[in-house]
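Asks: Submitted below is the structure of interest, expressed as structure tokens.
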Amino acid sequence: MPQKKIRVARSHTGLGLFATATIRKRALVVEYTGRRISTVKAQEIESRRANKYMFEINSRWTIDGSSRRNMARYVNHSCEPNAEAELVRGRMMFRAVETIAAGDEITIDYGEEYVELYFAKSGCKCVGCKEA
Ligand SMILES: [Zn+2]
């Protein structure tokens, strides 16, 4: 299980999730938790932009991660992320893809669909894109 080496804090795009200690490459960082709803229903809700915390497990099930208890919902998008989502025995885990230093923001790549849906007007504001 992920260790508690994370906290929610101010990011350049609002709130974000940050490491409070070194997180080793390949370590589990946080679980994306919430109730499961059907992916068809989730896509309908998403298309109305009513809830941006839908995390698709597969074509059948999606996690509604909108609860504030779900710390993983604070993870922001990056085109050069330091973590990735991975299904571990049916649970959605974020795993470090590189060693994350204390104080670093934890990011994952939510994919093209997400970027198009939420950054269509403003463009992606991740560190890599801002500097480009
Ligand atoms: Zn970007």
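Ordering of the structure tokens sets the chain letters (A, B, ...), residue numbers begin anew at 1 in every chain, and ligands are numbered from 1 in the order given.
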Name the residues in contact with Ala21 of chain A at a cut-off of 10 Å, using only C-alpha atoms, excluding same-chain residues fewer than 2 positions from it; report them as an MDAnalysis selection string.
Replies: chainID A and resid 4:6 18:19 23:24 100:104
Asks: Could you write out that same residue set with C-alpha atoms as an mmCIF file, in the first residue's frame?
Replies:
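Below is the file result-v1.cif, written as the result:
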data_model
loop_
_atom_site.group_PDB
_atom_site.id
_atom_site.type_symbol
_atom_site.label_atom_id
_atom_site.label_comp_id
_atom_site.auth_asym_id
_atom_site.auth_seq_id
_atom_site.Cartn_x
_atom_site.Cartn_y
_atom_site.Cartn_z
ATOM 1 C CA LYS A 4 1.781 8.603 3.562
ATOM 2 C CA LYS A 5 4.440 10.772 1.987
ATOM 3 C CA ILE A 6 2.060 13.219 0.421
ATOM 4 C CA PHE A 18 3.126 17.088 -3.217
ATOM 5 C CA ALA A 19 5.701 14.665 -1.850
ATOM 6 C CA ILE A 23 9.324 8.645 -3.078
ATOM 7 C CA ARG A 24 11.339 6.000 -4.858
ATOM 8 C CA ILE A 100 10.254 12.053 -6.621
ATOM 9 C CA ALA A 101 12.021 14.431 -4.253
ATOM 10 C CA ALA A 102 10.430 15.927 -1.138
ATOM 11 C CA GLY A 103 8.572 19.079 -2.148
ATOM 12 C CA ASP A 104 8.004 18.016 -5.760
#
Asks: Within 10 Å of Thr13 of chain A, counting only C-alpha atoms, which residues qualify if same-chain residues fewer than 3 places away don't, as a PDB file with N, CA and C atoms, in the first residue's frame?
Replies:
ATOM      1  N   ARG A  10      -0.765  24.289  -2.338  1.00  0.00           N
ATOM      2  CA  ARG A  10      -0.942  25.183  -3.486  1.00  0.00           C
ATOM      3  C   ARG A  10       0.008  24.810  -4.618  1.00  0.00           C
ATOM      4  N   GLY A  16      -2.589  21.042  -5.569  1.00  0.00           N
ATOM      5  CA  GLY A  16      -1.895  19.889  -6.137  1.00  0.00           C
ATOM      6  C   GLY A  16      -1.478  18.960  -5.031  1.00  0.00           C
ATOM      7  N   ASN A  76      -2.372  16.814 -10.421  1.00  0.00           N
ATOM      8  CA  ASN A  76      -2.581  17.564 -11.649  1.00  0.00           C
ATOM      9  C   ASN A  76      -1.973  16.855 -12.857  1.00  0.00           C
ATOM     10  N   HIS A  77      -2.447  17.296 -14.023  1.00  0.00           N
ATOM     11  CA  HIS A  77      -1.933  16.747 -15.276  1.00  0.00           C
ATOM     12  C   HIS A  77      -0.573  17.339 -15.623  1.00  0.00           C
ATOM     13  N   LYS A 125      -1.261  23.869 -18.938  1.00  0.00           N
ATOM     14  CA  LYS A 125      -0.443  24.778 -18.117  1.00  0.00           C
ATOM     15  C   LYS A 125       0.624  24.007 -17.334  1.00  0.00           C
ATOM     16  N   CYS A 126       0.921  22.811 -17.753  1.00  0.00           N
ATOM     17  CA  CYS A 126       1.947  22.059 -17.028  1.00  0.00           C
ATOM     18  C   CYS A 126       3.305  22.730 -17.238  1.00  0.00           C
TER      19      CYS A 126
END
Asks: Taking only C-alpha atoms and all ligand atoms and a cut-off of 6 Å, can you tell me which residues surround ligand 1, written as a PyMOL selection string?
Replies: chain A and resi 78-79+124-126+128-129
Asks: Could you name the residues that touch Thr99 of chain A at 9 Å or less, counting only C-alpha atoms, but leaving out those on the same chain fewer than 3 positions away, as a PDB file with N, CA and C atoms, in the first residue's frame?
Replies:
ATOM      1  N   THR A  22      11.125  11.707   0.107  1.00  0.00           N
ATOM      2  CA  THR A  22      11.509  11.081  -1.159  1.00  0.00           C
ATOM      3  C   THR A  22      10.620   9.872  -1.448  1.00  0.00           C
ATOM      4  N   ILE A  23      10.097   9.813  -2.641  1.00  0.00           N
ATOM      5  CA  ILE A  23       9.324   8.645  -3.078  1.00  0.00           C
ATOM      6  C   ILE A  23      10.154   7.958  -4.157  1.00  0.00           C
ATOM      7  N   ARG A  24      10.479   6.709  -3.919  1.00  0.00           N
ATOM      8  CA  ARG A  24      11.339   6.000  -4.858  1.00  0.00           C
ATOM      9  C   ARG A  24      10.632   5.644  -6.144  1.00  0.00           C
ATOM     10  N   LYS A  25      11.409   5.598  -7.203  1.00  0.00           N
ATOM     11  CA  LYS A  25      10.917   5.137  -8.492  1.00  0.00           C
ATOM     12  C   LYS A  25      10.237   3.785  -8.320  1.00  0.00           C
ATOM     13  N   ARG A  26       9.091   3.614  -8.958  1.00  0.00           N
ATOM     14  CA  ARG A  26       8.258   2.400  -8.947  1.00  0.00           C
ATOM     15  C   ARG A  26       7.414   2.240  -7.675  1.00  0.00           C
ATOM     16  N   ALA A  27       7.585   3.099  -6.674  1.00  0.00           N
ATOM     17  CA  ALA A  27       6.788   2.966  -5.447  1.00  0.00           C
ATOM     18  C   ALA A  27       5.360   3.440  -5.710  1.00  0.00           C
ATOM     19  N   ASN A  82       5.601  12.528 -13.404  1.00  0.00           N
ATOM     20  CA  ASN A  82       6.529  11.713 -12.608  1.00  0.00           C
ATOM     21  C   ASN A  82       5.829  10.504 -11.988  1.00  0.00           C
ATOM     22  N   ALA A  96       5.111   5.925  -8.922  1.00  0.00           N
ATOM     23  CA  ALA A  96       6.180   6.829  -9.351  1.00  0.00           C
ATOM     24  C   ALA A  96       6.932   6.227 -10.534  1.00  0.00           C
TER      25      ALA A  96
END
Asks: Just asking: which residues within segment 1-131 of chain A are strand (DSSP E) according to DSSP, as a PyMOL selection string?
Replies: chain A and resi 6-11+14-19+28-31+35-38+54-56+61-64+76-77+83-88+91-96+105-108
Asks: Please produce an output containing N, CA and C atoms for each residue in the selection, written as a short mmCIF file (atom, residue, chain, number, x, y, z; two decimals), in the first residue's frame.
Replies:
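Final output, saved to result07.cif:
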data_model
loop_
_atom_site.label_atom_id
_atom_site.label_comp_id
_atom_site.auth_asym_id
_atom_site.auth_seq_id
_atom_site.Cartn_x
_atom_site.Cartn_y
_atom_site.Cartn_z
N ILE A 6 2.68 12.25 1.32
CA ILE A 6 2.06 13.22 0.42
C ILE A 6 1.22 14.21 1.21
N ARG A 7 1.05 15.40 0.62
CA ARG A 7 0.11 16.36 1.19
C ARG A 7 -0.44 17.24 0.07
N VAL A 8 -1.62 17.79 0.32
CA VAL A 8 -2.25 18.69 -0.63
C VAL A 8 -1.73 20.10 -0.34
N ALA A 9 -1.31 20.81 -1.36
CA ALA A 9 -0.81 22.18 -1.17
C ALA A 9 -1.05 23.00 -2.43
N ARG A 10 -0.77 24.29 -2.34
CA ARG A 10 -0.94 25.18 -3.49
C ARG A 10 0.01 24.81 -4.62
N SER A 11 -0.54 24.77 -5.81
CA SER A 11 0.23 24.51 -7.01
C SER A 11 0.06 25.72 -7.92
N GLY A 14 -3.64 25.91 -8.91
CA GLY A 14 -4.66 25.71 -7.88
C GLY A 14 -4.08 24.82 -6.80
N LEU A 15 -4.78 23.72 -6.49
CA LEU A 15 -4.23 22.79 -5.52
C LEU A 15 -3.54 21.64 -6.25
N GLY A 16 -2.59 21.04 -5.57
CA GLY A 16 -1.90 19.89 -6.14
C GLY A 16 -1.48 18.96 -5.03
N LEU A 17 -0.96 17.81 -5.41
CA LEU A 17 -0.47 16.85 -4.43
C LEU A 17 1.06 16.86 -4.48
N PHE A 18 1.67 16.95 -3.29
CA PHE A 18 3.13 17.09 -3.22
C PHE A 18 3.74 16.00 -2.35
N ALA A 19 4.96 15.63 -2.66
CA ALA A 19 5.70 14.66 -1.85
C ALA A 19 6.23 15.38 -0.62
N LEU A 28 4.41 2.86 -4.97
CA LEU A 28 3.03 3.33 -5.05
C LEU A 28 2.92 4.64 -4.29
N VAL A 29 2.25 5.60 -4.87
CA VAL A 29 2.17 6.94 -4.28
C VAL A 29 0.84 7.14 -3.58
N VAL A 30 -0.24 6.82 -4.26
CA VAL A 30 -1.57 7.09 -3.73
C VAL A 30 -2.59 6.26 -4.52
N GLU A 31 -3.67 5.89 -3.86
CA GLU A 31 -4.74 5.18 -4.56
C GLU A 31 -5.84 6.16 -4.96
N ARG A 35 -16.49 5.87 -5.46
CA ARG A 35 -17.45 4.82 -5.79
C ARG A 35 -17.36 4.49 -7.27
N ARG A 36 -17.70 3.27 -7.60
CA ARG A 36 -17.66 2.83 -8.99
C ARG A 36 -19.00 3.09 -9.66
N ILE A 37 -18.94 3.67 -10.83
CA ILE A 37 -20.16 3.84 -11.62
C ILE A 37 -19.88 3.29 -13.02
N SER A 38 -20.91 3.11 -13.81
CA SER A 38 -20.69 2.55 -15.14
C SER A 38 -19.99 3.60 -16.00
N MET A 54 -13.56 11.81 -12.90
CA MET A 54 -13.90 10.47 -13.35
C MET A 54 -12.64 9.77 -13.83
N PHE A 55 -12.35 8.62 -13.26
CA PHE A 55 -11.16 7.89 -13.68
C PHE A 55 -11.60 6.53 -14.20
N GLU A 56 -11.43 6.34 -15.52
CA GLU A 56 -11.90 5.12 -16.17
C GLU A 56 -11.00 3.92 -15.85
N TRP A 61 -16.33 0.02 -16.09
CA TRP A 61 -16.35 0.70 -14.80
C TRP A 61 -15.45 1.94 -14.76
N THR A 62 -15.93 2.95 -14.04
CA THR A 62 -15.19 4.18 -13.84
C THR A 62 -15.28 4.54 -12.36
N ILE A 63 -14.21 5.10 -11.82
CA ILE A 63 -14.23 5.54 -10.43
C ILE A 63 -14.64 7.01 -10.40
N ASP A 64 -15.65 7.31 -9.59
CA ASP A 64 -16.02 8.70 -9.35
C ASP A 64 -15.20 9.17 -8.15
N ASN A 76 -2.37 16.81 -10.42
CA ASN A 76 -2.58 17.56 -11.65
C ASN A 76 -1.97 16.85 -12.86
N HIS A 77 -2.45 17.30 -14.02
CA HIS A 77 -1.93 16.75 -15.28
C HIS A 77 -0.57 17.34 -15.62
N ALA A 83 4.55 10.31 -12.35
CA ALA A 83 3.81 9.14 -11.88
C ALA A 83 2.88 8.67 -12.99
N GLU A 84 2.39 7.43 -12.85
CA GLU A 84 1.45 6.89 -13.83
C GLU A 84 0.40 6.06 -13.11
N ALA A 85 -0.75 5.92 -13.75
CA ALA A 85 -1.83 5.14 -13.16
C ALA A 85 -1.65 3.69 -13.54
N GLU A 86 -1.92 2.81 -12.59
CA GLU A 86 -1.78 1.39 -12.85
C GLU A 86 -2.84 0.65 -12.04
N LEU A 87 -3.50 -0.30 -12.68
CA LEU A 87 -4.50 -1.10 -11.99
C LEU A 87 -3.79 -2.23 -11.25
N VAL A 88 -3.92 -2.24 -9.93
CA VAL A 88 -3.30 -3.28 -9.12
C VAL A 88 -4.40 -4.04 -8.40
N ARG A 91 -7.57 -2.20 -8.09
CA ARG A 91 -7.53 -0.87 -7.49
C ARG A 91 -6.64 0.04 -8.31
N MET A 92 -7.09 1.29 -8.48
CA MET A 92 -6.35 2.24 -9.31
C MET A 92 -5.26 2.92 -8.47
N MET A 93 -4.02 2.61 -8.80
CA MET A 93 -2.88 3.14 -8.06
C MET A 93 -2.07 4.09 -8.93
N PHE A 94 -1.52 5.11 -8.29
CA PHE A 94 -0.57 5.98 -8.98
C PHE A 94 0.81 5.53 -8.51
N ARG A 95 1.68 5.25 -9.47
CA ARG A 95 3.00 4.73 -9.17
C ARG A 95 4.05 5.70 -9.70
N ALA A 96 5.11 5.93 -8.92
CA ALA A 96 6.18 6.83 -9.35
C ALA A 96 6.93 6.23 -10.53
N GLU A 105 5.90 18.35 -6.89
CA GLU A 105 4.50 18.05 -7.16
C GLU A 105 4.39 16.72 -7.90
N ILE A 106 3.39 15.93 -7.51
CA ILE A 106 3.14 14.65 -8.17
C ILE A 106 2.17 14.88 -9.32
N THR A 107 2.54 14.37 -10.50
CA THR A 107 1.72 14.61 -11.68
C THR A 107 1.56 13.32 -12.47
N ILE A 108 0.46 13.23 -13.19
CA ILE A 108 0.33 12.14 -14.15
C ILE A 108 -0.22 12.70 -15.47
#
Asks: Contacts of Glu113 of chain A at 12 Å or less, counting only C-alpha atoms, minus same-chain residues fewer than 5 places along, as a PyMOL selection string?
Replies: chain A and resi 43+46-47+52+55-56+77+118-120
Asks: Find the residue from A:Asn51, A:Tyr32, A:His12, A:Arg69 that sits nearest to Val127 of chain A; use only C-alpha atoms when measuring.
Replies: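 Ranked by minimum distance to Val127 of chain A, first place goes to A:His12.
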Asks: From a DSSP pass on the backbone, collect the residues of segment 29-128 of chain A flagged as alpha helix (DSSP H) and hand them back as a ChimeraX atom specification.
Replies: /A:39-47,112-119,127-128
Asks: Keeping C-alpha atoms for every residue in the selection just given, could you write it to a file as an mmCIF file, in the first residue's frame?
Replies:
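Saved to result.cif:
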data_model
loop_
_atom_site.group_PDB
_atom_site.id
_atom_site.type_symbol
_atom_site.label_atom_id
_atom_site.label_comp_id
_atom_site.auth_asym_id
_atom_site.auth_seq_id
_atom_site.Cartn_x
_atom_site.Cartn_y
_atom_site.Cartn_z
ATOM 1 C CA THR A 39 -18.358 4.032 -17.736
ATOM 2 C CA VAL A 40 -21.341 4.879 -19.953
ATOM 3 C CA LYS A 41 -22.847 6.990 -17.174
ATOM 4 C CA ALA A 42 -19.460 8.525 -16.360
ATOM 5 C CA GLN A 43 -18.949 9.612 -19.953
ATOM 6 C CA GLU A 44 -22.373 11.213 -20.003
ATOM 7 C CA ILE A 45 -21.550 13.184 -16.843
ATOM 8 C CA GLU A 46 -18.102 14.105 -18.176
ATOM 9 C CA SER A 47 -19.487 15.393 -21.445
ATOM 10 C CA GLU A 112 -5.445 13.579 -24.822
ATOM 11 C CA GLU A 113 -9.161 13.424 -24.108
ATOM 12 C CA TYR A 114 -8.759 15.112 -20.727
ATOM 13 C CA VAL A 115 -6.484 17.801 -22.130
ATOM 14 C CA GLU A 116 -8.939 18.542 -24.933
ATOM 15 C CA LEU A 117 -11.891 18.653 -22.564
ATOM 16 C CA TYR A 118 -10.374 20.875 -19.875
ATOM 17 C CA PHE A 119 -7.566 22.816 -21.538
ATOM 18 C CA VAL A 127 5.543 23.090 -16.357
ATOM 19 C CA GLY A 128 6.802 21.548 -19.606
#
Asks: Measure the distance from atom CA of Ser122 of chain A to atom CA of Asn58 of chain A in Å and round it to one decimal.
Replies: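 Taking atom CA of Ser122 of chain A and atom CA of Asn58 of chain A, their separation equals 28.9 Å.
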